[in-house]
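A.B. asks: Structure file entry24.cif, mmCIF, C-alpha atoms and all ligand atoms, is pasted below:
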```cif
data_coords
#
loop_
_atom_site.label_atom_id
_atom_site.label_comp_id
_atom_site.auth_asym_id
_atom_site.auth_seq_id
_atom_site.Cartn_x
_atom_site.Cartn_y
_atom_site.Cartn_z
CA MET N 10 -36.29 12.80 -53.11
CA SER N 11 -34.26 14.62 -55.75
CA PRO N 12 -32.43 12.72 -58.54
CA ILE N 13 -28.72 12.11 -58.20
CA GLU N 14 -26.05 12.04 -60.89
CA VAL N 15 -24.90 8.62 -62.05
CA PRO N 16 -21.18 8.68 -61.18
CA PHE N 17 -20.05 5.93 -63.64
CA ARG N 18 -20.36 5.02 -67.33
CA VAL N 19 -22.70 2.12 -68.05
CA GLU N 20 -20.55 1.08 -71.03
CA GLN N 21 -17.91 0.00 -68.54
CA LEU N 22 -20.15 -2.76 -67.16
CA ASP N 23 -19.61 -6.18 -68.74
CA ARG N 24 -23.33 -6.92 -68.73
CA THR N 25 -26.62 -6.12 -67.04
CA PRO N 26 -28.35 -6.31 -64.66
CA ALA N 27 -25.71 -4.97 -62.30
CA PHE N 28 -25.72 -3.40 -58.86
CA VAL N 29 -23.19 -0.59 -58.60
CA TYR N 30 -22.16 0.80 -55.21
CA ASN N 31 -20.47 4.17 -55.08
CA LEU N 32 -17.87 3.91 -52.32
CA GLY N 33 -17.25 7.69 -52.40
CA GLU N 34 -20.84 8.19 -51.25
CA VAL N 35 -20.42 5.65 -48.46
CA LYS N 36 -17.28 7.48 -47.38
CA ASN N 37 -19.10 10.86 -47.36
CA ARG N 38 -21.84 9.43 -45.17
CA THR N 39 -19.36 7.73 -42.87
CA THR N 40 -17.43 10.98 -42.50
CA PHE N 41 -20.68 12.83 -41.79
CA LEU N 42 -21.49 10.38 -38.99
CA SER N 43 -17.95 10.53 -37.64
CA GLU N 44 -18.43 14.28 -37.25
CA ILE N 45 -21.70 13.68 -35.43
CA LYS N 46 -19.87 11.20 -33.24
CA ASN N 47 -17.16 13.75 -32.46
CA LYS N 48 -19.69 16.45 -31.59
CA SER N 49 -21.97 14.27 -29.47
CA ASN N 50 -19.59 11.64 -28.17
CA CYS N 51 -21.97 8.91 -29.38
CA LYS N 52 -20.60 5.62 -30.59
CA VAL N 53 -21.70 4.85 -34.16
CA PHE N 54 -22.13 1.27 -35.37
CA TYR N 55 -23.16 0.39 -38.93
CA SER N 56 -26.19 -1.89 -38.86
CA THR N 57 -25.12 -4.35 -41.52
CA LYS N 58 -28.56 -5.66 -42.52
CA PRO N 59 -29.38 -3.20 -45.37
CA LEU N 60 -26.18 -4.03 -47.26
CA PRO N 61 -23.91 -6.71 -45.84
CA LEU N 62 -21.24 -6.41 -48.53
CA LEU N 63 -17.66 -6.92 -47.36
CA ARG N 64 -16.21 -4.05 -49.41
CA ILE N 65 -18.86 -1.69 -48.00
CA LEU N 66 -18.11 -2.71 -44.42
CA GLU N 67 -14.40 -2.18 -45.04
CA GLU N 68 -15.18 1.39 -46.05
CA MET N 69 -16.53 2.10 -42.54
CA GLU N 70 -13.11 2.28 -40.94
CA SER N 71 -13.88 5.46 -39.00
CA LEU N 72 -16.95 4.05 -37.21
CA GLU N 73 -16.69 2.21 -33.89
CA GLY N 74 -18.15 -1.03 -35.12
CA PHE N 75 -21.09 -3.00 -36.44
CA SER N 76 -24.54 -4.03 -35.33
CA VAL N 77 -25.54 -7.52 -36.45
CA SER N 78 -28.52 -9.86 -36.12
CA SER N 79 -27.11 -13.25 -36.96
CA LEU N 80 -23.94 -15.29 -36.71
CA PHE N 81 -23.28 -14.91 -40.44
CA GLU N 82 -23.55 -11.11 -40.25
CA ALA N 83 -21.23 -11.20 -37.23
CA ARG N 84 -18.66 -13.27 -39.14
CA LEU N 85 -18.75 -10.87 -42.09
CA ALA N 86 -18.29 -7.89 -39.78
CA GLN N 87 -15.38 -9.62 -38.03
CA LYS N 88 -13.75 -10.28 -41.38
CA ALA N 89 -14.24 -6.68 -42.55
CA CYS N 90 -12.64 -5.18 -39.46
CA LYS N 91 -10.15 -8.01 -38.84
CA ASN N 92 -11.61 -8.40 -35.36
CA ARG N 93 -10.51 -4.89 -34.44
CA LYS N 94 -13.91 -3.29 -33.88
CA GLU N 95 -16.84 -3.71 -31.54
CA ILE N 96 -19.88 -5.75 -32.49
CA HIS N 97 -23.39 -5.37 -31.12
CA PHE N 98 -25.53 -8.47 -31.51
CA VAL N 99 -29.32 -8.20 -31.23
CA SER N 100 -31.85 -10.73 -32.47
CA PRO N 101 -35.03 -12.47 -31.42
CA GLY N 102 -33.45 -15.64 -32.80
CA ILE N 103 -30.35 -16.52 -30.75
CA ARG N 104 -29.83 -20.27 -31.15
CA ASN N 105 -28.44 -22.50 -28.49
CA ASP N 106 -26.09 -24.24 -30.94
CA GLN N 107 -24.62 -20.86 -32.02
CA TRP N 108 -24.34 -19.32 -28.56
CA GLU N 109 -20.58 -19.85 -28.15
CA ASP N 110 -19.77 -18.40 -31.57
CA ILE N 111 -22.16 -15.50 -31.20
CA SER N 112 -20.95 -14.55 -27.76
CA THR N 113 -17.29 -14.68 -28.69
CA ALA N 114 -17.94 -12.46 -31.73
CA ALA N 115 -20.02 -9.90 -29.82
CA SER N 116 -18.79 -7.14 -27.54
CA TYR N 117 -22.37 -6.12 -26.70
CA LEU N 118 -25.20 -8.65 -26.74
CA THR N 119 -28.78 -7.49 -26.37
CA PHE N 120 -31.48 -9.95 -25.36
CA ASN N 121 -34.84 -9.56 -27.00
CA SER N 122 -36.90 -10.93 -24.10
CA LEU N 123 -36.55 -11.58 -20.38
CA GLU N 124 -37.09 -15.25 -21.16
CA GLN N 125 -34.21 -15.30 -23.68
CA PHE N 126 -31.96 -13.72 -21.04
CA SER N 127 -32.98 -16.31 -18.40
CA TYR N 128 -32.37 -19.12 -20.88
CA PHE N 129 -28.77 -18.07 -21.55
CA GLU N 130 -27.98 -16.56 -18.13
CA SER N 131 -25.89 -19.48 -16.91
CA LYS N 132 -23.70 -19.19 -20.00
CA LEU N 133 -22.92 -15.46 -19.84
CA GLY N 134 -19.30 -14.49 -20.36
CA LYS N 135 -17.35 -11.25 -20.38
CA GLN N 136 -19.50 -9.43 -22.91
CA SER N 137 -21.66 -6.48 -21.96
CA TYR N 138 -25.29 -7.60 -21.94
CA GLY N 139 -28.36 -5.52 -22.65
CA ILE N 140 -32.10 -5.83 -22.97
CA ARG N 141 -34.23 -4.59 -25.86
CA VAL N 142 -37.12 -2.47 -24.68
CA ASN N 143 -40.34 -1.86 -26.57
CA PRO N 144 -41.29 1.75 -25.81
CA GLU N 145 -44.79 1.02 -27.14
CA ILE N 146 -44.85 4.14 -29.27
CA SER N 147 -45.40 3.80 -33.03
CA PHE N 148 -44.01 5.97 -35.78
CA ILE N 149 -44.44 3.49 -38.63
CA GLU N 150 -47.95 2.98 -39.97
CA ASP N 151 -47.35 -0.30 -41.81
CA PRO N 152 -47.56 -3.00 -39.08
CA ARG N 153 -45.26 -5.29 -41.09
CA TYR N 154 -42.38 -2.93 -40.31
CA ASN N 155 -43.50 -1.49 -36.99
CA PRO N 156 -41.45 -2.90 -34.07
CA CYS N 157 -43.99 -1.42 -31.65
CA ARG N 158 -47.07 -2.96 -33.26
CA GLU N 159 -49.64 -4.74 -31.13
CA PHE N 160 -48.42 -8.16 -29.96
CA SER N 161 -44.89 -7.17 -31.04
CA LYS N 162 -42.23 -9.86 -30.73
CA LEU N 163 -39.49 -7.21 -30.61
CA GLY N 164 -38.32 -6.13 -27.18
CA VAL N 165 -39.82 -6.08 -23.71
CA PRO N 166 -42.62 -3.59 -23.01
CA ILE N 167 -41.52 -0.93 -20.50
CA SER N 168 -44.22 -1.95 -18.04
CA GLN N 169 -42.88 -5.53 -17.94
CA ILE N 170 -39.35 -4.30 -17.28
CA ASN N 171 -40.65 -2.13 -14.46
CA ASN N 172 -42.62 -4.98 -12.91
CA LYS N 173 -39.62 -7.26 -13.06
CA ILE N 174 -37.32 -4.68 -11.48
CA SER N 175 -39.75 -4.06 -8.64
CA THR N 176 -40.45 -7.74 -7.94
CA ASP N 177 -37.01 -9.23 -8.64
CA SER N 178 -34.38 -6.50 -8.78
CA ASP N 179 -31.50 -9.03 -8.80
CA PHE N 180 -32.72 -10.27 -12.17
CA PHE N 181 -31.10 -7.24 -13.84
CA LYS N 182 -27.75 -7.49 -12.04
CA LYS N 183 -25.96 -8.74 -15.15
CA ILE N 184 -27.75 -6.44 -17.57
CA GLU N 185 -25.73 -3.32 -18.26
CA GLY N 186 -27.47 -1.84 -21.26
CA ILE N 187 -30.80 -0.90 -22.75
CA HIS N 188 -31.63 -0.85 -26.45
CA PHE N 189 -34.54 0.21 -28.61
CA HIS N 190 -35.17 0.53 -32.33
CA THR N 191 -38.43 2.21 -33.31
CA ASN N 192 -37.85 4.23 -36.49
CA PHE N 193 -37.53 3.84 -40.23
CA GLU N 194 -36.37 6.69 -42.51
CA SER N 195 -37.25 9.13 -39.76
CA LYS N 196 -36.51 12.68 -40.86
CA ASP N 197 -37.45 14.04 -37.53
CA PHE N 198 -35.67 13.69 -34.19
CA SER N 199 -38.90 14.55 -32.41
CA HIS N 200 -39.60 10.79 -32.66
CA LEU N 201 -36.42 10.14 -30.71
CA ALA N 202 -37.46 12.83 -28.21
CA GLU N 203 -40.86 11.18 -27.74
CA THR N 204 -39.31 7.74 -27.33
CA LEU N 205 -36.82 8.95 -24.74
CA SER N 206 -39.48 10.77 -22.82
CA ARG N 207 -41.60 7.58 -22.83
CA LEU N 208 -38.61 5.70 -21.38
CA GLU N 209 -37.96 8.37 -18.77
CA ILE N 210 -41.58 8.38 -17.62
CA GLY N 211 -41.89 4.58 -17.77
CA LEU N 212 -38.62 3.63 -16.09
CA ALA N 213 -37.92 6.80 -14.10
CA ASP N 214 -34.92 6.29 -11.78
CA GLN N 215 -34.48 2.71 -12.98
CA LEU N 216 -32.85 4.15 -16.12
CA LYS N 217 -29.91 5.08 -13.89
CA ARG N 218 -29.00 1.44 -13.35
CA PHE N 219 -27.92 1.03 -17.01
CA LYS N 220 -24.37 1.73 -18.17
CA TRP N 221 -25.19 2.13 -21.86
CA ILE N 222 -28.09 2.98 -24.07
CA ASN N 223 -28.42 2.06 -27.73
CA LEU N 224 -30.87 4.26 -29.64
CA GLY N 225 -31.11 1.95 -32.69
CA GLY N 226 -31.22 3.09 -36.31
CA GLY N 227 -33.78 4.47 -38.71
CA TYR N 228 -32.63 8.10 -38.66
CA CYS N 229 -32.07 10.14 -41.87
CA PHE N 230 -29.42 12.53 -40.61
CA ASP N 231 -29.06 14.32 -43.94
CA GLU N 232 -32.76 15.03 -44.38
CA SER N 233 -33.47 15.93 -40.77
CA LYS N 234 -34.30 19.57 -40.43
CA ASP N 235 -32.91 19.98 -36.98
CA LEU N 236 -29.72 18.22 -35.93
CA SER N 237 -29.51 20.50 -32.89
CA LEU N 238 -32.46 18.55 -31.45
CA PHE N 239 -30.39 15.35 -31.74
CA PHE N 240 -27.38 16.94 -30.03
CA GLY N 241 -29.64 18.39 -27.31
CA LEU N 242 -31.18 14.99 -26.57
CA ILE N 243 -27.77 13.35 -26.30
CA ASP N 244 -26.59 16.13 -23.98
CA GLU N 245 -29.63 15.65 -21.81
CA LEU N 246 -29.05 11.90 -21.60
CA ASN N 247 -25.45 12.54 -20.62
CA HIS N 248 -26.40 14.97 -17.88
CA SER N 249 -29.38 13.14 -16.41
CA TYR N 250 -28.07 9.56 -16.36
CA ASP N 251 -24.91 7.58 -15.83
CA PHE N 252 -24.62 6.15 -19.32
CA GLY N 253 -20.93 5.67 -19.98
CA GLU N 254 -21.85 5.05 -23.61
CA ILE N 255 -24.59 6.20 -25.94
CA ILE N 256 -24.74 4.22 -29.17
CA ILE N 257 -26.57 4.71 -32.46
CA GLU N 258 -26.68 2.06 -35.19
CA PRO N 259 -27.86 3.47 -38.53
CA GLY N 260 -27.93 1.26 -41.61
CA ASN N 261 -30.04 2.68 -44.40
CA PHE N 262 -28.64 6.22 -44.03
CA LEU N 263 -25.12 5.02 -44.75
CA VAL N 264 -25.84 3.00 -47.88
CA ARG N 265 -29.19 3.88 -49.48
CA ASP N 266 -27.93 6.56 -51.89
CA CYS N 267 -24.75 4.75 -52.84
CA GLY N 268 -26.60 1.99 -54.73
CA PHE N 269 -27.69 1.82 -58.39
CA LEU N 270 -29.24 -1.03 -60.34
CA VAL N 271 -28.46 -0.90 -64.07
CA SER N 272 -30.73 -2.88 -66.38
CA SER N 273 -31.44 -3.18 -70.11
CA VAL N 274 -34.71 -3.21 -72.05
CA ILE N 275 -35.25 -6.68 -73.51
CA ASP N 276 -38.79 -6.36 -74.90
CA LEU N 277 -41.13 -3.49 -75.82
CA PHE N 278 -44.83 -3.66 -76.70
CA ARG N 279 -48.14 -1.87 -76.31
CA ARG N 280 -50.99 -3.08 -74.07
CA ASP N 281 -54.30 -1.28 -73.41
CA GLY N 282 -52.89 1.94 -74.82
CA LYS N 283 -49.62 1.97 -72.83
CA TYR N 284 -46.06 1.01 -73.76
CA ILE N 285 -44.53 -1.71 -71.64
CA ALA N 286 -40.75 -2.04 -71.46
CA VAL N 287 -39.63 -5.40 -70.06
CA LEU N 288 -36.24 -5.21 -68.34
CA ASP N 289 -33.59 -7.84 -67.75
CA THR N 290 -34.04 -7.19 -64.03
CA THR N 291 -37.07 -7.98 -61.85
CA VAL N 292 -38.55 -7.13 -58.47
CA ASN N 293 -36.59 -10.21 -57.35
CA HIS N 294 -33.65 -7.78 -57.28
CA LEU N 295 -35.52 -4.96 -55.52
CA PRO N 296 -37.93 -7.00 -53.37
CA GLU N 297 -39.09 -3.98 -51.36
CA VAL N 298 -40.65 -2.54 -54.53
CA PHE N 299 -43.09 -5.43 -54.40
CA GLU N 300 -43.33 -5.65 -50.60
CA TYR N 301 -44.01 -1.94 -50.11
CA GLN N 302 -45.54 -1.33 -53.57
CA TYR N 303 -43.33 1.74 -54.03
CA GLU N 304 -41.85 3.16 -57.24
CA PRO N 305 -38.06 3.41 -57.10
CA ASP N 306 -36.34 6.47 -58.59
CA VAL N 307 -35.11 6.01 -62.16
CA TRP N 308 -32.44 8.20 -63.71
CA GLY N 309 -33.80 10.51 -66.44
CA ASP N 310 -37.44 10.12 -65.37
CA ALA N 311 -39.37 13.42 -65.24
CA CYS N 312 -43.08 14.29 -65.38
CA SER N 313 -42.40 16.77 -68.20
CA ASN N 314 -40.93 14.08 -70.53
CA LYS N 315 -43.25 12.77 -73.21
CA ASN N 316 -42.17 9.12 -73.70
CA GLU N 317 -44.11 7.16 -71.12
CA TYR N 318 -43.52 3.50 -70.27
CA ILE N 319 -44.55 0.97 -67.71
CA LEU N 320 -41.25 -0.57 -66.61
CA ALA N 321 -41.78 -4.26 -65.94
CA GLY N 322 -39.55 -7.00 -64.57
CA SER N 323 -38.91 -10.22 -66.43
CA SER N 324 -40.33 -12.81 -64.04
CA CYS N 325 -43.67 -14.58 -64.54
CA LEU N 326 -45.22 -12.67 -61.65
CA ALA N 327 -47.98 -10.36 -62.97
CA GLY N 328 -47.14 -7.78 -60.33
CA ASP N 329 -43.44 -7.74 -61.24
CA VAL N 330 -43.75 -4.09 -62.26
CA PHE N 331 -41.70 -1.07 -61.16
CA GLY N 332 -44.15 1.67 -62.17
CA VAL N 333 -44.84 4.30 -64.81
CA TYR N 334 -41.87 6.41 -65.93
CA ARG N 335 -41.30 9.17 -68.52
CA PHE N 336 -38.09 9.63 -70.50
CA GLU N 337 -36.83 12.36 -72.82
CA ASP N 338 -35.82 9.84 -75.50
CA GLU N 339 -37.79 6.84 -76.67
CA LEU N 340 -36.65 3.53 -75.22
CA ALA N 341 -35.46 0.82 -77.61
CA LEU N 342 -34.22 -2.74 -77.16
CA GLY N 343 -30.91 -2.48 -75.32
CA SER N 344 -31.65 0.93 -73.75
CA LYS N 345 -30.27 1.19 -70.25
CA VAL N 346 -32.58 1.91 -67.33
CA ILE N 347 -30.87 2.88 -64.06
CA PHE N 348 -32.61 2.64 -60.71
CA GLU N 349 -31.21 5.05 -58.12
CA LYS N 350 -30.97 5.09 -54.32
CA VAL N 351 -31.37 1.33 -54.10
CA GLY N 352 -28.38 0.60 -51.83
CA SER N 353 -30.51 -0.59 -48.92
CA TYR N 354 -32.34 -3.87 -48.52
CA SER N 355 -31.91 -4.80 -52.24
CA LEU N 356 -28.90 -7.09 -52.63
CA ALA N 357 -29.55 -8.26 -49.06
CA LYS N 358 -33.03 -9.48 -49.98
CA ALA N 359 -32.54 -10.35 -53.67
CA HIS N 360 -33.41 -13.89 -54.71
CA MET N 361 -33.51 -16.15 -57.77
CA PHE N 362 -37.25 -16.79 -58.13
CA ASN N 363 -38.01 -18.11 -61.64
CA GLY N 364 -34.36 -19.06 -62.04
CA ILE N 365 -33.48 -15.47 -62.95
CA ASN N 366 -29.85 -14.84 -62.12
CA LEU N 367 -28.80 -12.25 -59.55
CA PRO N 368 -27.19 -9.04 -60.85
CA ASP N 369 -23.42 -8.68 -61.01
CA VAL N 370 -22.07 -6.55 -58.18
CA TYR N 371 -19.67 -3.67 -58.84
CA CYS N 372 -18.02 -1.20 -56.50
CA LEU N 373 -17.02 2.23 -57.77
CA GLU N 374 -13.65 2.72 -56.11
CA GLU N 375 -12.56 6.33 -55.60
CA ASP N 376 -9.13 5.90 -57.16
CA THR N 377 -9.44 2.95 -59.55
CA GLY N 378 -13.02 3.21 -60.85
CA LEU N 379 -15.48 0.38 -61.41
CA LYS N 380 -14.50 -3.02 -60.07
CA ARG N 381 -16.63 -6.13 -60.32
CA VAL N 382 -16.67 -7.82 -56.92
CA LYS N 383 -19.19 -10.60 -57.55
CA SER N 384 -20.87 -12.46 -60.40
CA PHE N 385 -23.45 -15.18 -59.98
CA THR N 386 -23.59 -18.13 -62.33
CA LEU N 387 -25.60 -21.25 -63.12
CA GLU N 388 -23.32 -23.08 -60.67
CA HIS N 389 -24.56 -20.87 -57.81
CA TYR N 390 -28.15 -21.64 -58.78
CA MET N 391 -27.45 -25.38 -59.06
CA HIS N 392 -25.59 -25.37 -55.76
CA TYR N 393 -28.45 -23.54 -53.99
CA TYR N 394 -31.07 -25.95 -55.30
CA GLY N 395 -29.09 -29.09 -54.77
CA GLY N 396 -28.08 -29.69 -58.39
C1 LIG N 401 -32.23 -3.40 -34.22
C2 LIG N 401 -31.96 -2.57 -35.44
N1 LIG N 401 -30.99 -1.63 -35.40
C3 LIG N 401 -30.71 -0.87 -36.49
C4 LIG N 401 -31.41 -1.03 -37.67
C5 LIG N 401 -31.06 -0.17 -38.85
O1 LIG N 401 -32.13 0.63 -39.25
P1 LIG N 401 -32.00 1.52 -40.55
O2 LIG N 401 -31.42 0.67 -41.62
O3 LIG N 401 -33.40 1.93 -40.86
O4 LIG N 401 -31.14 2.68 -40.20
C6 LIG N 401 -32.43 -1.99 -37.75
C7 LIG N 401 -33.21 -2.19 -38.99
O5 LIG N 401 -34.20 -2.85 -39.09
C8 LIG N 401 -32.71 -2.80 -36.60
O6 LIG N 401 -33.66 -3.75 -36.63
#
```
What does this structure look like when you write it as structure tokens?
Ligand SMILES: Cc1ncc(COP(=O)(O)O)c(C=O)c1O
C.D. replies:
Amino acid sequence: MSPIEVPFRVEQLDRTPAFVYNLGEVKNRTTFLSEIKNKSNCKVFYSTKPLPLLRILEEMESLEGFSVSSLFEARLAQKACKNRKEIHFVSPGIRNDQWEDISTAASYLTFNSLEQFSYFESKLGKQSYGIRVNPEISFIEDPRYNPCREFSKLGVPISQINNKISTDSDFFKKIEGIHFHTNFESKDFSHLAETLSRLEIGLADQLKRFKWINLGGGYCFDESKDLSLFFGLIDELNHSYDFGEIIIEPGNFLVRDCGFLVSSVIDLFRRDGKYIAVLDTTVNHLPEVFEYQYEPDVWGDACSNKNEYILAGSSCLAGDVFGVYRFEDELALGSKVIFEKVGSYSLAKAHMFNGINLPDVYCLEEDTGLKRVKSFTLEHYMHYYGG
């Protein structure tokens, strides 16, 4: 991935660490998807899980709605759109005590298993109900993130849906839609093509009984070489079946590049022949760095630079390390280090392990510049831990 310009001045932040979200970038992405929507007639929902920040959701005015996986996400989405948009709810964890609230918030509700559907069937209301299918085709090597892994808890295998339809066709009377989500950062719509062909072979004419299909998220529209393949697949679906609605629900694509994490160097020393720069941030704030063991992009880092540092986080965890980076200028205490393209799954997963505070949260508004939207304090920490 190529570096991107930092669109704000770090001196304007009150302190570090700080997440900064560039709303202009979110708007560009949203506009891009609105054009895709206009060309393909797909409905586009923002999957809120990568970055459930109210101000970000408000910026998605031109999309049809939101995809959520919990009551809290649903409530945030309702607040952002003032109940004026559609909400798709899908989760393996629908709770009995939240059913009423979830079903009144949702316009589409997808069940994760046939058993979950049976359990709630007597309580169904006016929403449009769907079933999540597991197409049993894997594009993600890491089983921790692969919804189609062996023994997957996500969705119903196609063969089970087929068996159920042939033995108890009435079972599906109240199910109008079908949903799958199989990709992550997929730059290639051939994965979508393969998944659809798997569905068409597996379900054959039974696909015609569904009124809508939701193709999930995980697509990198900007990096995909061939958008015509996407448009072709949607056309084919429209011609071959009776789907009144085709829905996509990207998350990461809309917010990944809008996010920065600004930190400061708070200690510098040499160990085993390498310089270590300790930052006032930690992998607590970018948990996927630790989970995936990946090195996030840092502004100003280039192989050709001669000042090399291991950038380390400030928790007690030995593996709280971001990686090896090279800068043009030497780092010093107080130097700013800016992580780029960290809009997704960072704030949403950040935590206060070691009692290290969460970063401030800023939005870069297009007309008024940087605005702090959230600061966390000792009171938040005390409140969380019962103090
Ligand atoms: C059901 C579902 N839909 C959509 C998404 C969004 O995927 P992404 O953020 O990769 O676009 C996810 C992410 O895990 C998901 O689980």
A.B. asks: Counting only C-alpha atoms and all ligand atoms, what residues are within 6 Å of ligand LIG 401 (chain N), given as a tab-separated table (two decimals) with C-alpha atoms, in the coordinates of the input?
C.D. replies:
```tsv
chain	number	residue	atom	x	y	z
N	56	SER	CA	-26.19	-1.89	-38.86
N	59	PRO	CA	-29.38	-3.20	-45.37
N	190	HIS	CA	-35.17	0.53	-32.33
N	193	PHE	CA	-37.53	3.84	-40.23
N	194	GLU	CA	-36.37	6.69	-42.51
N	225	GLY	CA	-31.11	1.95	-32.69
N	226	GLY	CA	-31.22	3.09	-36.31
N	227	GLY	CA	-33.78	4.47	-38.71
N	228	TYR	CA	-32.63	8.10	-38.66
N	258	GLU	CA	-26.68	2.06	-35.19
N	259	PRO	CA	-27.86	3.47	-38.53
N	260	GLY	CA	-27.93	1.26	-41.61
N	261	ASN	CA	-30.04	2.68	-44.40
N	262	PHE	CA	-28.64	6.22	-44.03
```
A.B. asks: Take every atom of segment 190-209 of chain N listed in the file, pad by 6 Å on each side, and give me the axis-aligned box centre and edge lengths in Å, one decimal, as JSON.
C.D. replies:
```
{"center_x": -38.4, "center_y": 7.5, "center_z": -30.6, "size_x": 18.4, "size_y": 26.0, "size_z": 35.7}
```
A.B. asks: Separation of atom CA of Gly332 of chain N and atom CA of Ile319 of chain N, in Å?
C.D. replies: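 Value for the atom CA of Gly332 of chain N-atom CA of Ile319 of chain N distance: 5.6 Å.
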A.B. asks: Between atom CA of Asp276 of chain N and atom CA of Phe336 of chain N, what is the spacing in Å?
C.D. replies: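 It comes out at 16.6 Å.
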A.B. asks: I'd like to know which of N:Val165, N:Val287, N:Ala89, N:Val307 is closest to Ser122 of chain N, using all atoms listed in the file.
C.D. replies: N:Val165
A.B. asks: Record the distance separating atom CA of Glu95 of chain N and atom CA of Lys132 of chain N, expressed in Å with one decimal.
C.D. replies: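 Value for the atom CA of Glu95 of chain N-atom CA of Lys132 of chain N distance: 20.5 Å.
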